[in-house]
Amino acid sequence: MRILSVVGARPQFVKLAPIAHACAAAGVDHVIVHTGQHYDPMLSDVFFADLAIPAPDHHLNVGSLGHGAQTGRMMERLEPVLVEENPDWVLVYGDTNSTLAAAVDAVKLHLPLAHLEAGLRSFNRRMPEEHNRVATDHLADLLLAPTDVAAAHLADEGLGERTVVVGDVMTDVVMTTKAAVADKPNPLEAELGLKAGQYRLATIHRPDNTDDPARLDAILDDLSCLDLPTVILAHPRLIAACERAGISLDRGTLISHRPLAYPDLVAAAVASAGVVTDSGGLQKEAFLLRVPTTTVRPETEWVETVSLGWNVLVEPGDALRAAAQRPAPEPTSASPYGDGHAAEAVVEALLTRR
Ligand code: UD1
């Protein structure tokens with residue numbers, strides 16, 4: 001059995017880690033293709049090193065381009081790799097342009113296609129990720145859904161028979177990483193002198209938040225006047241947007257910082273008083289670590305984080321400031337995202353469905 005994983009962006013490397021380990025444990029031949037969508041070492045190489053992911057077998061070096069050019073170039077460069085490797089499964093992850101490019105290539109070559117993290121929906125057709133995930137789900141032969149809610153979305157779209165609920169591989173990674181960093185120093189305390197519970201973490205990178213200068217400025221203003229320092233881990237898209245608009249990231253109690261390696265991110269999040277973000281991944285990581293989260297978006301795919309009281313969706317302004325400073329909710333033992341063994345369930349599903 002040969003499984004070929006296609007990844008390209010930071011959140012996909014995180015999800016790849018437990019899959020690579022589960023493939024190795026099951027003796028499955030696992031081929032890794034990196035599209036090159038993310039190429040900065042802090043968005044790419046450090047994840048392979050820190051999460052013990054084998055080096056990619058193929059690197060497509062596509063880099064940053066507009067959506068059409070980026071997706072098209074990935075398709076063009078991936079096609080001969082798929083022909084050469086002729087895998088039993090092409091496995092695609094999440095909702096990036098790398099996901100869509102690989103999905104289209106696989107179906108056109110009649111290669112079986114499995115989609116990890118299938119069935120997530122924001123129902124917001126302005127998001128490129130929503131186009132990517134809806135299209136990929138409808139192309140795939142096997143839909144690996146993380147939750148019952150995701151499986152219900154797939155059933156609503158007539159895809160129920162291709163769906164298996166496997167749990168969420170991010171639970172696997174977060175739990176393993178949390179245990180690994182438990183007795184390591186918090187990097188933000190070492191570097192910035194910030195004590196546990198005395199700061200918040202923020203990330204903002206979605207085009208809807210970064211590409212409108214007035215909205216971006218309003219979000220950064222809110223973050224700069226909270227009662228505790230807020231460390232914003234600046235994604236390249238955010239830095240580029242600030243430079244374009246002549247907006248400063250360092251203001252008031254807001255401190256800008258380069259993106260963190262994954263173990264450092266987990267350590268910094270666990271010790272934080274809260275997270276403000278528009279990232280899908282960080283919303284859920286914060287929930288898994290039981291850190292209260294404020295999401296600067298009108299909707300979320302991870303609805304369980306909201307219904308269980310750990311995540312609040314806000315617009316910039318009073319709502320953002322109030323939500324960010326709210327106390328943590330009552331502890332919950334709910335685990336809508338699986339038991340930390342999702343990657344094994346994925347490999348099992350791939351072995352038995354072929
Ligand atoms: C992509 C995904 C998004 C995911 C995010 C995680 C799509 C449509 N979006 O968004 O779902 O949440 O990754 O980060 O696939 N850049 C660099 N260095 C890099 C990578 C990007 O400087 O290593 C810059 C580029 O100039 C580019 C911008 O960041 O203009 C955005 O990169 P892009 O790959 O288009 O999408 P992300 O915003 O990272």
# chains A, B, ... in the order shown; residues from 1 in each chain; ligands from 1
$ residues_around --residues "stretch 100-108 of chain A" --least-positions-apart "2" --cutoff "8 Å" --atoms "only C-alpha atoms" --output "list in words"
Val6, Thr71, Gly72, Met74, Met75, Leu78, Glu79, Leu82, Val90, Val92, Asp95, Thr96, Asn97, Ser98, His110, Leu111, Pro112, Leu113, Asn132, Arg133, Ala135, Thr136, Leu139 and Ala140 of chain A
$ closest_atom_pairs --of "chain A" --to "ligand 1" --cutoff "10 Å" --atoms "only C-alpha atoms and all ligand atoms" --output "JSON lines"
{"residue": "A:Gly8", "atom": "CA", "partner": "ligand 1", "partner_atom_place_in_ligand_line": "15 (O)", "distance": 8.3}
{"residue": "A:Ala9", "atom": "CA", "partner": "ligand 1", "partner_atom_place_in_ligand_line": "13 (O)", "distance": 5.2}
{"residue": "A:Arg10", "atom": "CA", "partner": "ligand 1", "partner_atom_place_in_ligand_line": "6 (C)", "distance": 5.4}
{"residue": "A:Pro11", "atom": "CA", "partner": "ligand 1", "partner_atom_place_in_ligand_line": "6 (C)", "distance": 5.8}
{"residue": "A:Gln12", "atom": "CA", "partner": "ligand 1", "partner_atom_place_in_ligand_line": "6 (C)", "distance": 8.4}
{"residue": "A:Gly36", "atom": "CA", "partner": "ligand 1", "partner_atom_place_in_ligand_line": "23 (O)", "distance": 7.9}
{"residue": "A:Gln37", "atom": "CA", "partner": "ligand 1", "partner_atom_place_in_ligand_line": "34 (O)", "distance": 5.1}
{"residue": "A:His38", "atom": "CA", "partner": "ligand 1", "partner_atom_place_in_ligand_line": "23 (O)", "distance": 3.5}
{"residue": "A:Tyr39", "atom": "CA", "partner": "ligand 1", "partner_atom_place_in_ligand_line": "23 (O)", "distance": 3.7}
{"residue": "A:Asp40", "atom": "CA", "partner": "ligand 1", "partner_atom_place_in_ligand_line": "23 (O)", "distance": 3.7}
{"residue": "A:Pro41", "atom": "CA", "partner": "ligand 1", "partner_atom_place_in_ligand_line": "23 (O)", "distance": 7.1}
{"residue": "A:Met42", "atom": "CA", "partner": "ligand 1", "partner_atom_place_in_ligand_line": "23 (O)", "distance": 7.7}
{"residue": "A:Leu43", "atom": "CA", "partner": "ligand 1", "partner_atom_place_in_ligand_line": "23 (O)", "distance": 5.5}
{"residue": "A:Ser44", "atom": "CA", "partner": "ligand 1", "partner_atom_place_in_ligand_line": "23 (O)", "distance": 6.9}
{"residue": "A:Asp45", "atom": "CA", "partner": "ligand 1", "partner_atom_place_in_ligand_line": "23 (O)", "distance": 9.8}
{"residue": "A:Val62", "atom": "CA", "partner": "ligand 1", "partner_atom_place_in_ligand_line": "34 (O)", "distance": 9.8}
{"residue": "A:Gly63", "atom": "CA", "partner": "ligand 1", "partner_atom_place_in_ligand_line": "20 (C)", "distance": 7.0}
{"residue": "A:Ser64", "atom": "CA", "partner": "ligand 1", "partner_atom_place_in_ligand_line": "25 (C)", "distance": 5.1}
{"residue": "A:Leu65", "atom": "CA", "partner": "ligand 1", "partner_atom_place_in_ligand_line": "35 (O)", "distance": 6.8}
{"residue": "A:Gly66", "atom": "CA", "partner": "ligand 1", "partner_atom_place_in_ligand_line": "35 (O)", "distance": 7.1}
{"residue": "A:His67", "atom": "CA", "partner": "ligand 1", "partner_atom_place_in_ligand_line": "8 (C)", "distance": 7.1}
{"residue": "A:Gln70", "atom": "CA", "partner": "ligand 1", "partner_atom_place_in_ligand_line": "35 (O)", "distance": 8.3}
{"residue": "A:Thr71", "atom": "CA", "partner": "ligand 1", "partner_atom_place_in_ligand_line": "15 (O)", "distance": 8.9}
{"residue": "A:Gly94", "atom": "CA", "partner": "ligand 1", "partner_atom_place_in_ligand_line": "11 (O)", "distance": 7.9}
{"residue": "A:Asp95", "atom": "CA", "partner": "ligand 1", "partner_atom_place_in_ligand_line": "11 (O)", "distance": 5.8}
{"residue": "A:Thr96", "atom": "CA", "partner": "ligand 1", "partner_atom_place_in_ligand_line": "15 (O)", "distance": 3.2}
{"residue": "A:Asn97", "atom": "CA", "partner": "ligand 1", "partner_atom_place_in_ligand_line": "15 (O)", "distance": 4.0}
{"residue": "A:Ser98", "atom": "CA", "partner": "ligand 1", "partner_atom_place_in_ligand_line": "15 (O)", "distance": 6.4}
{"residue": "A:Thr99", "atom": "CA", "partner": "ligand 1", "partner_atom_place_in_ligand_line": "15 (O)", "distance": 7.8}
{"residue": "A:Leu100", "atom": "CA", "partner": "ligand 1", "partner_atom_place_in_ligand_line": "15 (O)", "distance": 8.8}
{"residue": "A:Met127", "atom": "CA", "partner": "ligand 1", "partner_atom_place_in_ligand_line": "8 (C)", "distance": 8.0}
{"residue": "A:Pro128", "atom": "CA", "partner": "ligand 1", "partner_atom_place_in_ligand_line": "8 (C)", "distance": 5.0}
{"residue": "A:Glu129", "atom": "CA", "partner": "ligand 1", "partner_atom_place_in_ligand_line": "8 (C)", "distance": 5.4}
{"residue": "A:Glu130", "atom": "CA", "partner": "ligand 1", "partner_atom_place_in_ligand_line": "8 (C)", "distance": 8.9}
{"residue": "A:His131", "atom": "CA", "partner": "ligand 1", "partner_atom_place_in_ligand_line": "8 (C)", "distance": 8.9}
{"residue": "A:Asn132", "atom": "CA", "partner": "ligand 1", "partner_atom_place_in_ligand_line": "8 (C)", "distance": 7.6}
{"residue": "A:Arg133", "atom": "CA", "partner": "ligand 1", "partner_atom_place_in_ligand_line": "11 (O)", "distance": 9.9}
{"residue": "A:Ile204", "atom": "CA", "partner": "ligand 1", "partner_atom_place_in_ligand_line": "14 (O)", "distance": 9.8}
{"residue": "A:His205", "atom": "CA", "partner": "ligand 1", "partner_atom_place_in_ligand_line": "38 (O)", "distance": 6.1}
{"residue": "A:Arg206", "atom": "CA", "partner": "ligand 1", "partner_atom_place_in_ligand_line": "38 (O)", "distance": 6.3}
{"residue": "A:Pro207", "atom": "CA", "partner": "ligand 1", "partner_atom_place_in_ligand_line": "38 (O)", "distance": 7.0}
{"residue": "A:Thr210", "atom": "CA", "partner": "ligand 1", "partner_atom_place_in_ligand_line": "38 (O)", "distance": 9.6}
{"residue": "A:His235", "atom": "CA", "partner": "ligand 1", "partner_atom_place_in_ligand_line": "14 (O)", "distance": 7.0}
{"residue": "A:Pro236", "atom": "CA", "partner": "ligand 1", "partner_atom_place_in_ligand_line": "22 (O)", "distance": 4.6}
{"residue": "A:Arg237", "atom": "CA", "partner": "ligand 1", "partner_atom_place_in_ligand_line": "29 (O)", "distance": 4.1}
{"residue": "A:Leu238", "atom": "CA", "partner": "ligand 1", "partner_atom_place_in_ligand_line": "29 (O)", "distance": 7.8}
{"residue": "A:Ile239", "atom": "CA", "partner": "ligand 1", "partner_atom_place_in_ligand_line": "29 (O)", "distance": 8.7}
{"residue": "A:Ala240", "atom": "CA", "partner": "ligand 1", "partner_atom_place_in_ligand_line": "26 (O)", "distance": 7.2}
{"residue": "A:Ala241", "atom": "CA", "partner": "ligand 1", "partner_atom_place_in_ligand_line": "28 (C)", "distance": 9.3}
{"residue": "A:Asp278", "atom": "CA", "partner": "ligand 1", "partner_atom_place_in_ligand_line": "12 (O)", "distance": 8.7}
{"residue": "A:Ser279", "atom": "CA", "partner": "ligand 1", "partner_atom_place_in_ligand_line": "12 (O)", "distance": 6.0}
{"residue": "A:Gly280", "atom": "CA", "partner": "ligand 1", "partner_atom_place_in_ligand_line": "12 (O)", "distance": 6.7}
{"residue": "A:Gly281", "atom": "CA", "partner": "ligand 1", "partner_atom_place_in_ligand_line": "12 (O)", "distance": 7.5}
{"residue": "A:Leu282", "atom": "CA", "partner": "ligand 1", "partner_atom_place_in_ligand_line": "12 (O)", "distance": 9.6}
$ residues_around --residues "A:Thr295" --least-positions-apart "4" --cutoff "10 Å" --atoms "only C-alpha atoms" --output "PyMOL selection string"
chain A and resi 202-204+275-280+282-283+299-300+306+311-315+320+323-324
$ write_last_selection --atoms "N, CA, C and O atoms" --output "mmCIF file, in the first residue's frame"
data_model
loop_
_atom_site.group_PDB
_atom_site.id
_atom_site.type_symbol
_atom_site.label_atom_id
_atom_site.label_comp_id
_atom_site.auth_asym_id
_atom_site.auth_seq_id
_atom_site.Cartn_x
_atom_site.Cartn_y
_atom_site.Cartn_z
ATOM 1 N N ALA A 202 -1.962 36.558 19.897
ATOM 2 C CA ALA A 202 -2.863 36.884 18.787
ATOM 3 C C ALA A 202 -2.241 36.475 17.457
ATOM 4 O O ALA A 202 -1.008 36.475 17.307
ATOM 5 N N THR A 203 -3.088 36.077 16.509
ATOM 6 C CA THR A 203 -2.669 35.918 15.108
ATOM 7 C C THR A 203 -3.804 36.452 14.234
ATOM 8 O O THR A 203 -4.983 36.206 14.528
ATOM 9 N N ILE A 204 -3.437 37.214 13.219
ATOM 10 C CA ILE A 204 -4.421 37.739 12.257
ATOM 11 C C ILE A 204 -3.803 37.575 10.876
ATOM 12 O O ILE A 204 -2.720 38.121 10.620
ATOM 13 N N VAL A 275 -6.448 33.803 23.733
ATOM 14 C CA VAL A 275 -5.989 33.887 22.357
ATOM 15 C C VAL A 275 -6.995 34.716 21.570
ATOM 16 O O VAL A 275 -8.209 34.569 21.769
ATOM 17 N N VAL A 276 -6.489 35.596 20.707
ATOM 18 C CA VAL A 276 -7.341 36.312 19.745
ATOM 19 C C VAL A 276 -6.818 35.948 18.365
ATOM 20 O O VAL A 276 -5.621 36.097 18.097
ATOM 21 N N THR A 277 -7.690 35.472 17.477
ATOM 22 C CA THR A 277 -7.192 34.916 16.228
ATOM 23 C C THR A 277 -8.243 34.961 15.133
ATOM 24 O O THR A 277 -9.428 35.178 15.402
ATOM 25 N N ASP A 278 -7.795 34.740 13.891
ATOM 26 C CA ASP A 278 -8.739 34.413 12.820
ATOM 27 C C ASP A 278 -8.318 33.116 12.141
ATOM 28 O O ASP A 278 -8.794 32.783 11.058
ATOM 29 N N SER A 279 -7.405 32.395 12.793
ATOM 30 C CA SER A 279 -6.925 31.122 12.256
ATOM 31 C C SER A 279 -7.873 29.993 12.640
ATOM 32 O O SER A 279 -8.337 29.936 13.779
ATOM 33 N N GLY A 280 -8.135 29.092 11.712
ATOM 34 C CA GLY A 280 -8.950 27.925 12.048
ATOM 35 C C GLY A 280 -8.211 27.018 13.011
ATOM 36 O O GLY A 280 -8.761 26.562 14.011
ATOM 37 N N LEU A 282 -5.650 27.581 15.129
ATOM 38 C CA LEU A 282 -5.368 28.064 16.490
ATOM 39 C C LEU A 282 -6.624 28.096 17.359
ATOM 40 O O LEU A 282 -6.553 27.838 18.559
ATOM 41 N N GLN A 283 -7.791 28.355 16.750
ATOM 42 C CA GLN A 283 -9.040 28.294 17.531
ATOM 43 C C GLN A 283 -9.162 26.939 18.215
ATOM 44 O O GLN A 283 -9.536 26.821 19.367
ATOM 45 N N GLU A 299 -17.970 33.881 11.303
ATOM 46 C CA GLU A 299 -18.407 32.494 11.475
ATOM 47 C C GLU A 299 -17.182 31.618 11.712
ATOM 48 O O GLU A 299 -16.059 32.046 11.516
ATOM 49 N N THR A 300 -17.434 30.384 12.164
ATOM 50 C CA THR A 300 -16.326 29.451 12.340
ATOM 51 C C THR A 300 -16.733 28.090 11.814
ATOM 52 O O THR A 300 -17.917 27.727 11.851
ATOM 53 N N VAL A 306 -17.400 27.064 20.059
ATOM 54 C CA VAL A 306 -18.319 28.141 20.461
ATOM 55 C C VAL A 306 -19.412 27.590 21.361
ATOM 56 O O VAL A 306 -19.679 28.125 22.449
ATOM 57 N N ASN A 311 -14.989 29.714 22.812
ATOM 58 C CA ASN A 311 -14.657 30.576 21.681
ATOM 59 C C ASN A 311 -15.821 31.541 21.456
ATOM 60 O O ASN A 311 -16.984 31.137 21.534
ATOM 61 N N VAL A 312 -15.490 32.813 21.207
ATOM 62 C CA VAL A 312 -16.513 33.829 20.941
ATOM 63 C C VAL A 312 -16.176 34.487 19.613
ATOM 64 O O VAL A 312 -15.019 34.855 19.375
ATOM 65 N N LEU A 313 -17.171 34.631 18.730
ATOM 66 C CA LEU A 313 -16.959 35.271 17.428
ATOM 67 C C LEU A 313 -17.306 36.748 17.554
ATOM 68 O O LEU A 313 -18.379 37.081 18.064
ATOM 69 N N VAL A 314 -16.406 37.607 17.086
ATOM 70 C CA VAL A 314 -16.642 39.050 17.264
ATOM 71 C C VAL A 314 -16.266 39.833 16.019
ATOM 72 O O VAL A 314 -15.506 39.383 15.177
ATOM 73 N N GLU A 315 -16.791 41.053 15.978
ATOM 74 C CA GLU A 315 -16.352 42.082 15.045
ATOM 75 C C GLU A 315 -15.396 43.005 15.812
ATOM 76 O O GLU A 315 -15.464 43.076 17.047
ATOM 77 N N LEU A 320 -14.892 43.012 20.489
ATOM 78 C CA LEU A 320 -13.583 42.341 20.499
ATOM 79 C C LEU A 320 -12.893 42.575 21.840
ATOM 80 O O LEU A 320 -12.407 41.639 22.487
ATOM 81 N N ALA A 323 -14.668 40.674 24.716
ATOM 82 C CA ALA A 323 -14.510 39.208 24.620
ATOM 83 C C ALA A 323 -13.091 38.800 24.977
ATOM 84 O O ALA A 323 -12.873 37.816 25.693
ATOM 85 N N ALA A 324 -12.113 39.554 24.491
ATOM 86 C CA ALA A 324 -10.716 39.178 24.732
ATOM 87 C C ALA A 324 -10.389 39.195 26.217
ATOM 88 O O ALA A 324 -9.556 38.430 26.688
#
$ select_by_dssp --residues "stretch 42-268 of chain A" --states "alpha helix (DSSP H)" --output "number ranges by chain"
A: 45-50, 67-85, 97-108, 128-139, 148-156, 169-181, 187-192, 207-210, 213-224, 236-245, 262-268
$ residues_around --residues "A:Ala151" --least-positions-apart "4" --cutoff "8 Å" --atoms "only C-alpha atoms" --output "PyMOL selection string"
chain A and resi 118-119+145-147+155+160+163-165
$ write_last_selection --atoms "N, CA and C atoms" --output "PDB file, in the first residue's frame"
ATOM      1  N   ALA A 118     -12.449  16.482   6.092  1.00  0.00           N
ATOM      2  CA  ALA A 118     -13.590  16.687   5.188  1.00  0.00           C
ATOM      3  C   ALA A 118     -14.804  17.201   5.970  1.00  0.00           C
ATOM      4  N   GLY A 119     -15.674  17.907   5.249  1.00  0.00           N
ATOM      5  CA  GLY A 119     -16.983  18.267   5.808  1.00  0.00           C
ATOM      6  C   GLY A 119     -17.020  19.550   6.605  1.00  0.00           C
ATOM      7  N   ALA A 145     -13.855  12.586   8.005  1.00  0.00           N
ATOM      8  CA  ALA A 145     -14.445  13.717   8.742  1.00  0.00           C
ATOM      9  C   ALA A 145     -13.939  13.712  10.177  1.00  0.00           C
ATOM     10  N   PRO A 146     -13.614  14.914  10.711  1.00  0.00           N
ATOM     11  CA  PRO A 146     -13.108  14.964  12.088  1.00  0.00           C
ATOM     12  C   PRO A 146     -14.199  14.849  13.146  1.00  0.00           C
ATOM     13  N   THR A 147     -15.427  15.258  12.816  1.00  0.00           N
ATOM     14  CA  THR A 147     -16.487  15.327  13.833  1.00  0.00           C
ATOM     15  C   THR A 147     -17.828  14.876  13.233  1.00  0.00           C
ATOM     16  N   ALA A 155     -23.344  14.558   4.649  1.00  0.00           N
ATOM     17  CA  ALA A 155     -24.598  13.832   4.375  1.00  0.00           C
ATOM     18  C   ALA A 155     -25.608  14.771   3.716  1.00  0.00           C
ATOM     19  N   GLY A 160     -22.780  11.208   2.162  1.00  0.00           N
ATOM     20  CA  GLY A 160     -22.712  10.398   3.378  1.00  0.00           C
ATOM     21  C   GLY A 160     -22.055   9.041   3.178  1.00  0.00           C
ATOM     22  N   THR A 163     -18.284   8.817   3.591  1.00  0.00           N
ATOM     23  CA  THR A 163     -17.756   9.482   4.785  1.00  0.00           C
ATOM     24  C   THR A 163     -17.434   8.507   5.909  1.00  0.00           C
ATOM     25  N   VAL A 164     -16.298   8.719   6.570  1.00  0.00           N
ATOM     26  CA  VAL A 164     -15.958   8.008   7.802  1.00  0.00           C
ATOM     27  C   VAL A 164     -15.553   9.062   8.834  1.00  0.00           C
ATOM     28  N   VAL A 165     -16.107   8.978  10.049  1.00  0.00           N
ATOM     29  CA  VAL A 165     -15.669   9.888  11.119  1.00  0.00           C
ATOM     30  C   VAL A 165     -14.454   9.250  11.790  1.00  0.00           C
TER      31      VAL A 165
END
$ closest_residue --among "A:Ala322, A:Ala180, A:Leu201, A:Leu216" --to "A:Arg244" --atoms "only C-alpha atoms"
A:Leu216
$ residues_around --residues "A:Pro292" --least-positions-apart "4" --cutoff "6 Å" --atoms "only C-alpha atoms" --output "PDB file with N, CA and C atoms, in the first residue's frame"
ATOM      1  N   GLY A 274      -5.267  34.067  27.167  1.00  0.00           N
ATOM      2  CA  GLY A 274      -6.290  33.970  26.128  1.00  0.00           C
ATOM      3  C   GLY A 274      -5.665  34.142  24.761  1.00  0.00           C
ATOM      4  N   TRP A 310     -15.927  28.146  24.815  1.00  0.00           N
ATOM      5  CA  TRP A 310     -14.502  28.506  24.861  1.00  0.00           C
ATOM      6  C   TRP A 310     -14.098  29.476  23.762  1.00  0.00           C
ATOM      7  N   ALA A 328     -11.925  32.894  31.828  1.00  0.00           N
ATOM      8  CA  ALA A 328     -12.088  31.546  31.254  1.00  0.00           C
ATOM      9  C   ALA A 328     -13.417  30.964  31.708  1.00  0.00           C
TER      10      ALA A 328
END
$ closest_residue --among "A:Pro87, A:Pro329, A:Gly197, A:Gly252" --to "A:Val270" --atoms "only C-alpha atoms"
A:Gly197
$ closest_residue --among "A:Glu344, A:Asp339, A:Asp221, A:Asp227" --to "A:Gly317" --atoms "only C-alpha atoms"
A:Asp221
$ atom_distance --atom1 "atom CA of A:Leu143" --atom2 "atom CA of A:Leu159"
8.3 Å
$ closest_residue --among "A:Arg200, A:Lys184, A:Arg290, A:Arg73" --to "A:Pro229" --atoms "only C-alpha atoms"
A:Arg200
$ closest_residue --among "A:Asp264, A:Ala345, A:Thr171, A:Gly193" --to "A:Glu285" --atoms "only C-alpha atoms"
A:Thr171
$ select_by_dssp --residues "stretch 13-88 of chain A" --states "strand (DSSP E)" --output "PyMOL selection string"
chain A and resi 29-34+58-59
$ write_last_selection --atoms "N, CA and C atoms" --output "PDB file, in the first residue's frame"
ATOM      1  N   ASP A  29       3.931   2.381   2.899  1.00  0.00           N
ATOM      2  CA  ASP A  29       4.831   3.206   2.091  1.00  0.00           C
ATOM      3  C   ASP A  29       4.188   4.592   1.959  1.00  0.00           C
ATOM      4  N   HIS A  30       4.841   5.606   2.518  1.00  0.00           N
ATOM      5  CA  HIS A  30       4.246   6.946   2.557  1.00  0.00           C
ATOM      6  C   HIS A  30       5.136   7.920   1.794  1.00  0.00           C
ATOM      7  N   VAL A  31       4.590   8.495   0.741  1.00  0.00           N
ATOM      8  CA  VAL A  31       5.329   9.448  -0.088  1.00  0.00           C
ATOM      9  C   VAL A  31       4.814  10.849   0.248  1.00  0.00           C
ATOM     10  N   ILE A  32       5.721  11.799   0.487  1.00  0.00           N
ATOM     11  CA  ILE A  32       5.317  13.166   0.848  1.00  0.00           C
ATOM     12  C   ILE A  32       5.705  14.129  -0.281  1.00  0.00           C
ATOM     13  N   VAL A  33       4.702  14.896  -0.737  1.00  0.00           N
ATOM     14  CA  VAL A  33       4.947  15.933  -1.736  1.00  0.00           C
ATOM     15  C   VAL A  33       4.670  17.293  -1.089  1.00  0.00           C
ATOM     16  N   HIS A  34       5.640  18.201  -1.161  1.00  0.00           N
ATOM     17  CA  HIS A  34       5.513  19.579  -0.647  1.00  0.00           C
ATOM     18  C   HIS A  34       5.346  20.477  -1.868  1.00  0.00           C
ATOM     19  N   HIS A  58       9.256  14.837  -2.734  1.00  0.00           N
ATOM     20  CA  HIS A  58       9.193  15.716  -3.912  1.00  0.00           C
ATOM     21  C   HIS A  58       8.873  17.118  -3.427  1.00  0.00           C
ATOM     22  N   HIS A  59       9.536  18.106  -4.007  1.00  0.00           N
ATOM     23  CA  HIS A  59       9.251  19.503  -3.674  1.00  0.00           C
ATOM     24  C   HIS A  59       8.933  20.231  -4.971  1.00  0.00           C
TER      25      HIS A  59
END
$ residues_around --residues "A:Lys15" --least-positions-apart "3" --cutoff "8 Å" --atoms "only C-alpha atoms" --output "MDAnalysis selection string"
chainID A and resid 11:12 18:19 93 169:170 173
$ residues_around --residues "stretch 26-28 of chain A" --least-positions-apart "4" --cutoff "7 Å" --atoms "only C-alpha atoms" --output "ChimeraX atom specification"
/A:1-2,22
$ closest_residue --among "A:Val81, A:Ile3, A:Ala214, A:Ala150" --to "A:Gly246" --atoms "only C-alpha atoms"
A:Ala214
$ decode --residues "stretch 8-24 of chain A" --atoms "N, CA and C atoms" --output "short mmCIF file (atom, residue, chain, number, x, y, z; two decimals), in the first residue's frame"
data_model
loop_
_atom_site.label_atom_id
_atom_site.label_comp_id
_atom_site.auth_asym_id
_atom_site.auth_seq_id
_atom_site.Cartn_x
_atom_site.Cartn_y
_atom_site.Cartn_z
N GLY A 8 1.38 21.74 1.67
CA GLY A 8 2.08 22.92 1.16
C GLY A 8 2.09 24.09 2.13
N ALA A 9 1.13 24.12 3.05
CA ALA A 9 1.02 25.28 3.95
C ALA A 9 1.13 24.83 5.40
N ARG A 10 1.49 25.78 6.24
CA ARG A 10 1.79 25.49 7.65
C ARG A 10 0.79 24.57 8.34
N PRO A 11 -0.52 24.85 8.28
CA PRO A 11 -1.43 23.97 9.02
C PRO A 11 -1.42 22.53 8.51
N GLN A 12 -1.01 22.36 7.25
CA GLN A 12 -0.98 21.00 6.70
C GLN A 12 0.21 20.21 7.23
N PHE A 13 1.32 20.89 7.53
CA PHE A 13 2.47 20.17 8.07
C PHE A 13 2.13 19.63 9.46
N VAL A 14 1.35 20.42 10.22
CA VAL A 14 0.94 19.96 11.56
C VAL A 14 0.10 18.69 11.44
N LYS A 15 -0.81 18.66 10.47
CA LYS A 15 -1.69 17.49 10.32
C LYS A 15 -0.94 16.30 9.72
N LEU A 16 0.08 16.60 8.93
CA LEU A 16 0.88 15.53 8.31
C LEU A 16 1.65 14.73 9.36
N ALA A 17 2.11 15.41 10.43
CA ALA A 17 2.99 14.74 11.40
C ALA A 17 2.39 13.43 11.93
N PRO A 18 1.18 13.45 12.51
CA PRO A 18 0.66 12.18 13.04
C PRO A 18 0.38 11.15 11.94
N ILE A 19 0.03 11.62 10.74
CA ILE A 19 -0.22 10.68 9.64
C ILE A 19 1.08 9.98 9.25
N ALA A 20 2.17 10.76 9.16
CA ALA A 20 3.47 10.17 8.80
C ALA A 20 3.87 9.13 9.84
N HIS A 21 3.64 9.45 11.11
CA HIS A 21 4.03 8.50 12.17
C HIS A 21 3.14 7.26 12.13
N ALA A 22 1.84 7.46 11.89
CA ALA A 22 0.93 6.30 11.84
C ALA A 22 1.23 5.42 10.63
N CYS A 23 1.60 6.02 9.52
CA CYS A 23 1.98 5.22 8.33
C CYS A 23 3.21 4.39 8.64
N ALA A 24 4.20 5.02 9.29
CA ALA A 24 5.44 4.30 9.62
C ALA A 24 5.12 3.13 10.55
#
